[in-house]
>>> print(open('start25.txt').read())   # compact mmCIF, N, CA and C atoms
# COMPACT_ATOMS: atom_id res chain seq x y z
N MET A 1 150.84 131.82 196.59
CA MET A 1 151.77 130.77 196.22
C MET A 1 153.16 131.17 196.69
N THR A 2 153.79 130.28 197.40
CA THR A 2 155.12 130.58 197.92
C THR A 2 156.19 130.13 196.94
N LEU A 3 157.39 130.64 197.14
CA LEU A 3 158.53 130.25 196.32
C LEU A 3 158.77 128.75 196.43
N LEU A 4 158.61 128.19 197.63
CA LEU A 4 158.82 126.77 197.84
C LEU A 4 157.82 125.94 197.03
N GLU A 5 156.56 126.36 196.97
CA GLU A 5 155.55 125.65 196.19
C GLU A 5 155.87 125.71 194.70
N THR A 6 156.30 126.88 194.24
CA THR A 6 156.66 127.02 192.83
C THR A 6 157.83 126.11 192.50
N THR A 7 158.80 126.04 193.39
CA THR A 7 159.94 125.18 193.17
C THR A 7 159.50 123.72 193.09
N ALA A 8 158.56 123.32 193.91
CA ALA A 8 158.05 121.95 193.88
C ALA A 8 157.37 121.67 192.55
N GLU A 9 156.61 122.63 192.03
CA GLU A 9 155.96 122.46 190.73
C GLU A 9 156.99 122.36 189.62
N GLU A 10 158.02 123.19 189.69
CA GLU A 10 159.08 123.12 188.68
C GLU A 10 159.79 121.78 188.74
N ARG A 11 160.00 121.28 189.95
CA ARG A 11 160.64 119.97 190.12
C ARG A 11 159.77 118.88 189.50
N GLN A 12 158.47 118.96 189.71
CA GLN A 12 157.54 117.98 189.15
C GLN A 12 157.58 118.02 187.62
N ALA A 13 157.60 119.21 187.05
CA ALA A 13 157.68 119.34 185.59
C ALA A 13 159.00 118.76 185.07
N GLN A 14 160.08 119.02 185.77
CA GLN A 14 161.38 118.49 185.37
C GLN A 14 161.39 116.96 185.43
N GLN A 15 160.79 116.39 186.47
CA GLN A 15 160.74 114.93 186.60
C GLN A 15 159.90 114.32 185.48
N ALA A 16 158.81 114.97 185.11
CA ALA A 16 157.98 114.47 184.01
C ALA A 16 158.77 114.50 182.71
N TYR A 17 159.52 115.56 182.49
CA TYR A 17 160.33 115.68 181.27
C TYR A 17 161.44 114.63 181.24
N GLU A 18 162.10 114.43 182.37
CA GLU A 18 163.16 113.42 182.44
C GLU A 18 162.61 112.02 182.19
N GLY A 19 161.43 111.74 182.72
CA GLY A 19 160.78 110.46 182.48
C GLY A 19 160.46 110.26 181.01
N LEU A 20 159.99 111.32 180.36
CA LEU A 20 159.68 111.27 178.94
C LEU A 20 160.94 110.99 178.13
N LEU A 21 162.02 111.71 178.41
CA LEU A 21 163.27 111.50 177.68
C LEU A 21 163.83 110.09 177.91
N ALA A 22 163.77 109.61 179.13
CA ALA A 22 164.25 108.26 179.42
C ALA A 22 163.43 107.23 178.65
N HIS A 23 162.13 107.44 178.59
CA HIS A 23 161.26 106.53 177.84
C HIS A 23 161.66 106.53 176.36
N PHE A 24 161.86 107.70 175.78
CA PHE A 24 162.24 107.79 174.37
C PHE A 24 163.54 107.03 174.10
N ASP A 25 164.48 107.11 175.02
CA ASP A 25 165.77 106.42 174.85
C ASP A 25 165.61 104.91 174.86
N GLU A 26 164.63 104.40 175.59
CA GLU A 26 164.48 102.96 175.78
C GLU A 26 163.39 102.32 174.91
N CYS A 27 162.55 103.10 174.30
CA CYS A 27 161.37 102.57 173.61
C CYS A 27 161.57 102.55 172.08
N THR A 28 161.67 101.35 171.55
CA THR A 28 161.85 101.21 170.10
C THR A 28 160.68 101.79 169.30
N PRO A 29 159.41 101.52 169.67
CA PRO A 29 158.31 102.13 168.89
C PRO A 29 158.38 103.66 168.88
N CYS A 30 158.77 104.27 169.98
CA CYS A 30 158.87 105.74 169.99
C CYS A 30 160.04 106.21 169.12
N GLN A 31 161.11 105.43 169.08
CA GLN A 31 162.26 105.80 168.26
C GLN A 31 161.94 105.67 166.77
N VAL A 32 161.15 104.65 166.42
CA VAL A 32 160.84 104.38 165.02
C VAL A 32 159.63 105.19 164.55
N GLU A 33 158.55 105.12 165.31
CA GLU A 33 157.28 105.72 164.90
C GLU A 33 156.93 106.99 165.67
N ASN A 34 157.72 107.29 166.71
CA ASN A 34 157.45 108.43 167.58
C ASN A 34 156.10 108.29 168.29
N TYR A 35 155.73 107.02 168.58
CA TYR A 35 154.47 106.81 169.28
C TYR A 35 154.42 105.45 169.95
N CYS A 36 153.87 105.41 171.15
CA CYS A 36 153.38 104.22 171.83
C CYS A 36 152.47 104.74 172.94
N GLU A 37 151.66 103.87 173.52
CA GLU A 37 150.70 104.32 174.53
C GLU A 37 151.38 104.92 175.75
N ALA A 38 152.44 104.28 176.22
CA ALA A 38 153.15 104.80 177.39
C ALA A 38 153.78 106.16 177.07
N GLY A 39 154.35 106.29 175.89
CA GLY A 39 154.94 107.57 175.47
C GLY A 39 153.90 108.67 175.41
N GLU A 40 152.71 108.34 174.92
CA GLU A 40 151.64 109.33 174.84
C GLU A 40 151.21 109.77 176.24
N ARG A 41 151.11 108.83 177.18
CA ARG A 41 150.76 109.20 178.57
C ARG A 41 151.84 110.11 179.17
N LEU A 42 153.10 109.80 178.90
CA LEU A 42 154.19 110.63 179.43
C LEU A 42 154.17 112.02 178.80
N ARG A 43 153.87 112.10 177.50
CA ARG A 43 153.77 113.41 176.84
C ARG A 43 152.67 114.25 177.48
N ARG A 44 151.50 113.60 177.70
CA ARG A 44 150.38 114.33 178.32
C ARG A 44 150.73 114.80 179.72
N ALA A 45 151.41 113.95 180.48
CA ALA A 45 151.81 114.34 181.84
C ALA A 45 152.77 115.52 181.80
N HIS A 46 153.71 115.48 180.87
CA HIS A 46 154.65 116.59 180.75
C HIS A 46 153.94 117.87 180.36
N ARG A 47 153.05 117.78 179.37
CA ARG A 47 152.30 118.98 178.96
C ARG A 47 151.45 119.53 180.10
N ALA A 48 150.84 118.64 180.87
CA ALA A 48 149.99 119.09 181.98
C ALA A 48 150.81 119.81 183.04
N THR A 49 151.99 119.29 183.36
CA THR A 49 152.80 119.96 184.39
C THR A 49 153.32 121.29 183.87
N ARG A 50 153.69 121.36 182.60
CA ARG A 50 154.15 122.63 182.04
C ARG A 50 153.00 123.64 181.98
N SER A 51 151.82 123.15 181.62
CA SER A 51 150.66 124.03 181.56
C SER A 51 150.32 124.57 182.95
N ALA A 52 150.36 123.69 183.94
CA ALA A 52 150.08 124.12 185.32
C ALA A 52 151.11 125.14 185.77
N LEU A 53 152.35 124.91 185.40
CA LEU A 53 153.41 125.83 185.77
C LEU A 53 153.22 127.17 185.07
N SER A 54 152.82 127.14 183.81
CA SER A 54 152.55 128.38 183.08
C SER A 54 151.39 129.14 183.70
N GLY A 55 150.36 128.41 184.11
CA GLY A 55 149.21 129.04 184.75
C GLY A 55 149.60 129.67 186.07
N THR A 56 150.50 129.03 186.80
CA THR A 56 150.99 129.58 188.06
C THR A 56 151.75 130.87 187.80
N ALA A 57 152.60 130.86 186.78
CA ALA A 57 153.37 132.06 186.46
C ALA A 57 152.46 133.20 186.07
N ALA A 58 151.42 132.89 185.27
CA ALA A 58 150.49 133.92 184.86
C ALA A 58 149.71 134.46 186.05
N ALA A 59 149.31 133.58 186.96
CA ALA A 59 148.52 133.98 188.11
C ALA A 59 149.34 134.83 189.08
N THR A 60 150.64 134.57 189.17
CA THR A 60 151.47 135.32 190.11
C THR A 60 152.12 136.54 189.46
N GLY A 61 151.96 136.67 188.13
CA GLY A 61 152.57 137.79 187.43
C GLY A 61 154.03 137.54 187.11
N ALA A 62 154.51 136.32 187.34
CA ALA A 62 155.89 136.00 187.04
C ALA A 62 156.07 135.89 185.54
N PRO A 63 157.25 136.28 185.04
CA PRO A 63 157.47 136.16 183.60
C PRO A 63 157.58 134.70 183.20
N PRO A 64 157.23 134.35 181.96
CA PRO A 64 157.35 132.97 181.52
C PRO A 64 158.81 132.57 181.41
N SER A 65 159.05 131.27 181.44
CA SER A 65 160.42 130.81 181.29
C SER A 65 160.90 131.10 179.87
N PRO A 66 162.22 131.24 179.66
CA PRO A 66 162.73 131.60 178.34
C PRO A 66 162.37 130.61 177.25
N ARG A 67 162.26 129.33 177.58
CA ARG A 67 162.00 128.30 176.57
C ARG A 67 160.52 127.98 176.45
N GLU A 68 159.68 128.63 177.21
CA GLU A 68 158.25 128.32 177.21
C GLU A 68 157.65 128.66 175.86
N GLY A 69 156.86 127.73 175.35
CA GLY A 69 156.19 127.95 174.08
C GLY A 69 156.99 127.42 172.91
N SER A 70 158.20 126.91 173.17
CA SER A 70 158.98 126.38 172.06
C SER A 70 158.86 124.89 171.97
>>> encode(input="start25.txt", output="structure tokens")
Amino acid sequence: MTLLETTAEERQAQQAYEGLLAHFDECTPCQVENYCEAGERLRRAHRATRSALSGTAAATGAPPSPREGS
């Protein structure tokens, strides 16, 4: 795995997180009940990208990010 590939994965995780936050800002059901179908899909996408990124770090021996697991 190259540094460029890792950066692309980090970018994808960041985009998933930004999409999730933007959705929360605009979605009344998520603001009131903390749930809607679209929000759940975005949460799963964000978790999947973070999980893939964590697996990459573990596979390459890279240390986890400081906020990982929180």
>>> residues_around(input="start25.txt", residues="Arg50 of chain A", least_positions_apart="4", cutoff="8 Å", atoms="all atoms listed in the file", output="PyMOL selection string")
chain A and resi 9+12-14+44-46+54-56
>>> atom_distance(input="start25.txt", atom1="atom CA of Arg11 of chain A", atom2="atom CA of Ser51 of chain A")
13.8 Å
>>> atom_distance(input="start25.txt", atom1="atom CA of His23 of chain A", atom2="atom N of Glu10 of chain A")
20.7 Å
>>> atom_distance(input="start25.txt", atom1="atom C of Tyr35 of chain A", atom2="atom C of Leu53 of chain A")
26.5 Å
>>> closest_residue(input="start25.txt", among="A:Gln15, A:Leu20, A:Cys27, A:Thr7", to="Arg41 of chain A", atoms="all atoms listed in the file")
A:Leu20
>>> decode(input="start25.txt", residues="segment 6-40 of chain A", atoms="N, CA and C atoms", output="PDB file, in the first residue's frame")
ATOM      1  N   THR A   6      -3.188   5.368   0.732  1.00  0.00           N
ATOM      2  CA  THR A   6      -3.653   5.627   2.087  1.00  0.00           C
ATOM      3  C   THR A   6      -4.311   6.991   2.160  1.00  0.00           C
ATOM      4  N   THR A   7      -3.721   7.975   1.512  1.00  0.00           N
ATOM      5  CA  THR A   7      -4.293   9.307   1.503  1.00  0.00           C
ATOM      6  C   THR A   7      -5.664   9.292   0.839  1.00  0.00           C
ATOM      7  N   ALA A   8      -5.830   8.539  -0.217  1.00  0.00           N
ATOM      8  CA  ALA A   8      -7.122   8.436  -0.895  1.00  0.00           C
ATOM      9  C   ALA A   8      -8.156   7.809   0.036  1.00  0.00           C
ATOM     10  N   GLU A   9      -7.771   6.796   0.799  1.00  0.00           N
ATOM     11  CA  GLU A   9      -8.689   6.173   1.749  1.00  0.00           C
ATOM     12  C   GLU A   9      -9.066   7.148   2.853  1.00  0.00           C
ATOM     13  N   GLU A  10      -8.092   7.903   3.339  1.00  0.00           N
ATOM     14  CA  GLU A  10      -8.382   8.904   4.366  1.00  0.00           C
ATOM     15  C   GLU A  10      -9.326   9.972   3.823  1.00  0.00           C
ATOM     16  N   ARG A  11      -9.125  10.357   2.575  1.00  0.00           N
ATOM     17  CA  ARG A  11      -9.995  11.344   1.941  1.00  0.00           C
ATOM     18  C   ARG A  11     -11.419  10.801   1.844  1.00  0.00           C
ATOM     19  N   GLN A  12     -11.551   9.529   1.484  1.00  0.00           N
ATOM     20  CA  GLN A  12     -12.873   8.906   1.379  1.00  0.00           C
ATOM     21  C   GLN A  12     -13.561   8.874   2.748  1.00  0.00           C
ATOM     22  N   ALA A  13     -12.823   8.542   3.785  1.00  0.00           N
ATOM     23  CA  ALA A  13     -13.394   8.531   5.138  1.00  0.00           C
ATOM     24  C   ALA A  13     -13.828   9.933   5.547  1.00  0.00           C
ATOM     25  N   GLN A  14     -13.023  10.926   5.233  1.00  0.00           N
ATOM     26  CA  GLN A  14     -13.363  12.307   5.559  1.00  0.00           C
ATOM     27  C   GLN A  14     -14.621  12.754   4.812  1.00  0.00           C
ATOM     28  N   GLN A  15     -14.743  12.376   3.551  1.00  0.00           N
ATOM     29  CA  GLN A  15     -15.925  12.738   2.763  1.00  0.00           C
ATOM     30  C   GLN A  15     -17.178  12.068   3.329  1.00  0.00           C
ATOM     31  N   ALA A  16     -17.059  10.830   3.765  1.00  0.00           N
ATOM     32  CA  ALA A  16     -18.202  10.136   4.368  1.00  0.00           C
ATOM     33  C   ALA A  16     -18.622  10.836   5.657  1.00  0.00           C
ATOM     34  N   TYR A  17     -17.653  11.254   6.448  1.00  0.00           N
ATOM     35  CA  TYR A  17     -17.947  11.948   7.703  1.00  0.00           C
ATOM     36  C   TYR A  17     -18.592  13.310   7.441  1.00  0.00           C
ATOM     37  N   GLU A  18     -18.065  14.043   6.471  1.00  0.00           N
ATOM     38  CA  GLU A  18     -18.637  15.344   6.131  1.00  0.00           C
ATOM     39  C   GLU A  18     -20.068  15.202   5.625  1.00  0.00           C
ATOM     40  N   GLY A  19     -20.327  14.166   4.838  1.00  0.00           N
ATOM     41  CA  GLY A  19     -21.682  13.903   4.365  1.00  0.00           C
ATOM     42  C   GLY A  19     -22.631  13.597   5.513  1.00  0.00           C
ATOM     43  N   LEU A  20     -22.151  12.828   6.477  1.00  0.00           N
ATOM     44  CA  LEU A  20     -22.948  12.494   7.650  1.00  0.00           C
ATOM     45  C   LEU A  20     -23.276  13.753   8.448  1.00  0.00           C
ATOM     46  N   LEU A  21     -22.286  14.595   8.698  1.00  0.00           N
ATOM     47  CA  LEU A  21     -22.524  15.831   9.453  1.00  0.00           C
ATOM     48  C   LEU A  21     -23.475  16.770   8.714  1.00  0.00           C
ATOM     49  N   ALA A  22     -23.311  16.892   7.414  1.00  0.00           N
ATOM     50  CA  ALA A  22     -24.200  17.748   6.624  1.00  0.00           C
ATOM     51  C   ALA A  22     -25.635  17.223   6.705  1.00  0.00           C
ATOM     52  N   HIS A  23     -25.784  15.911   6.631  1.00  0.00           N
ATOM     53  CA  HIS A  23     -27.113  15.314   6.740  1.00  0.00           C
ATOM     54  C   HIS A  23     -27.731  15.644   8.098  1.00  0.00           C
ATOM     55  N   PHE A  24     -26.973  15.480   9.173  1.00  0.00           N
ATOM     56  CA  PHE A  24     -27.490  15.773  10.509  1.00  0.00           C
ATOM     57  C   PHE A  24     -27.957  17.221  10.620  1.00  0.00           C
ATOM     58  N   ASP A  25     -27.229  18.138  10.006  1.00  0.00           N
ATOM     59  CA  ASP A  25     -27.597  19.559  10.057  1.00  0.00           C
ATOM     60  C   ASP A  25     -28.908  19.841   9.338  1.00  0.00           C
ATOM     61  N   GLU A  26     -29.216  19.065   8.305  1.00  0.00           N
ATOM     62  CA  GLU A  26     -30.380  19.333   7.463  1.00  0.00           C
ATOM     63  C   GLU A  26     -31.587  18.444   7.761  1.00  0.00           C
ATOM     64  N   CYS A  27     -31.416  17.398   8.511  1.00  0.00           N
ATOM     65  CA  CYS A  27     -32.469  16.388   8.680  1.00  0.00           C
ATOM     66  C   CYS A  27     -33.176  16.536  10.036  1.00  0.00           C
ATOM     67  N   THR A  28     -34.420  16.945   9.984  1.00  0.00           N
ATOM     68  CA  THR A  28     -35.194  17.109  11.219  1.00  0.00           C
ATOM     69  C   THR A  28     -35.356  15.802  11.988  1.00  0.00           C
ATOM     70  N   PRO A  29     -35.710  14.673  11.335  1.00  0.00           N
ATOM     71  CA  PRO A  29     -35.820  13.420  12.105  1.00  0.00           C
ATOM     72  C   PRO A  29     -34.515  13.048  12.823  1.00  0.00           C
ATOM     73  N   CYS A  30     -33.379  13.285  12.201  1.00  0.00           N
ATOM     74  CA  CYS A  30     -32.109  12.973  12.867  1.00  0.00           C
ATOM     75  C   CYS A  30     -31.852  13.923  14.037  1.00  0.00           C
ATOM     76  N   GLN A  31     -32.287  15.169  13.894  1.00  0.00           N
ATOM     77  CA  GLN A  31     -32.097  16.136  14.974  1.00  0.00           C
ATOM     78  C   GLN A  31     -32.998  15.824  16.163  1.00  0.00           C
ATOM     79  N   VAL A  32     -34.212  15.339  15.879  1.00  0.00           N
ATOM     80  CA  VAL A  32     -35.181  15.069  16.942  1.00  0.00           C
ATOM     81  C   VAL A  32     -35.007  13.662  17.510  1.00  0.00           C
ATOM     82  N   GLU A  33     -34.954  12.672  16.633  1.00  0.00           N
ATOM     83  CA  GLU A  33     -34.932  11.275  17.065  1.00  0.00           C
ATOM     84  C   GLU A  33     -33.574  10.610  16.898  1.00  0.00           C
ATOM     85  N   ASN A  34     -32.634  11.311  16.258  1.00  0.00           N
ATOM     86  CA  ASN A  34     -31.315  10.759  15.963  1.00  0.00           C
ATOM     87  C   ASN A  34     -31.412   9.530  15.056  1.00  0.00           C
ATOM     88  N   TYR A  35     -32.426   9.544  14.161  1.00  0.00           N
ATOM     89  CA  TYR A  35     -32.564   8.421  13.244  1.00  0.00           C
ATOM     90  C   TYR A  35     -33.406   8.790  12.032  1.00  0.00           C
ATOM     91  N   CYS A  36     -32.988   8.308  10.877  1.00  0.00           N
ATOM     92  CA  CYS A  36     -33.781   8.206   9.658  1.00  0.00           C
ATOM     93  C   CYS A  36     -33.030   7.219   8.771  1.00  0.00           C
ATOM     94  N   GLU A  37     -33.672   6.713   7.740  1.00  0.00           N
ATOM     95  CA  GLU A  37     -33.028   5.696   6.896  1.00  0.00           C
ATOM     96  C   GLU A  37     -31.776   6.221   6.210  1.00  0.00           C
ATOM     97  N   ALA A  38     -31.851   7.439   5.685  1.00  0.00           N
ATOM     98  CA  ALA A  38     -30.676   8.016   5.012  1.00  0.00           C
ATOM     99  C   ALA A  38     -29.535   8.215   6.011  1.00  0.00           C
ATOM    100  N   GLY A  39     -29.862   8.687   7.197  1.00  0.00           N
ATOM    101  CA  GLY A  39     -28.842   8.873   8.237  1.00  0.00           C
ATOM    102  C   GLY A  39     -28.183   7.565   8.618  1.00  0.00           C
ATOM    103  N   GLU A  40     -28.972   6.507   8.701  1.00  0.00           N
ATOM    104  CA  GLU A  40     -28.424   5.192   9.036  1.00  0.00           C
ATOM    105  C   GLU A  40     -27.474   4.706   7.945  1.00  0.00           C
TER     106      GLU A  40
END
